[in-house]
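Structure, as structure tokens:
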Amino acid sequence: MVCLGNICRSPLAEGILASKLPKDKFKIDSAGTGSWHIGKQPDQRSIATAQKNGLDITDQRARQFKTTDFDKFDYIFVMDNSNYDDVMAMAKTDAHKAKVDLILNELFPGENVDVPDPYYGSQFGFDSVYQMLDEACENLAKKLIAKHS
């Protein structure tokens, strides 16, 4: 799961998807395309939103997306088109590029809809992002479980 700073959207997406998949069969992680928040916890509003929905993401720490992530992970879901462009620019092979998709394509196939960045907004934005990501991750989890079981 990749967003800009790895403190708002991608930590929520990581926590949500991890809660829907068997921990012994899937490794879920998140990263940011930027380096501003490396080593920091998710934004307090993301933590609060997760807790309100029964998830604890306080153990997560922000990290920057690296080219080695293409080899470590089978799927790379980005939160918006800007993140998509940044990650695709780092892809060295067609196989790497094939791993990358926008997370909301799980809800709106092929429409390339952005998950809005709630950072500069109110708590409502975080709640709205959570609902979008929860629906997308529900669809994704069903596909992954069916494909890898």
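Going by the structure tokens order, chains are called A, B, ..., each with residues numbered from 1, while ligands are numbered from 1 in the order shown.
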Residues of region 17-134 of chain A in alpha helix (DSSP H), written as an MDAnalysis selection string: chainID A and resid 17:20 44:52 69:72 81:90 94:98 123:134
Within 12 Å of Ala31 (chain A), counting only C-alpha atoms, which residues qualify if same-chain residues fewer than 5 places away don't, as a ChimeraX atom specification? /A:1-14,36-42,60-67,69,76-79,83,87
Polymer residues at most 10 Å from region 134-149 of chain A, only C-alpha atoms, same-chain spacing of 6 or more positions, as a PyMOL selection string: chain A and resi 12-22+25-26+103-108+128
Nearest to Tyr130 (chain A), chosen from A:Lys52, A:Lys72, A:Lys97, A:Lys92, with only C-alpha atoms counted in the distances: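 That would be A:Lys52, the residue with the smallest distance to Tyr130 (chain A).
What separates CA of Asp71 (chain A) from CA of Gly32 (chain A) is a distance of 16.8 Å.
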Nearest to Ile28 (chain A) among A:Asp86, A:Phe124, A:Gly110, A:Asp74, with distances taken over only C-alpha atoms: which residue is it?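 Looking only at the distances to Ile28 (chain A), the closest residue turns out to be A:Asp74.
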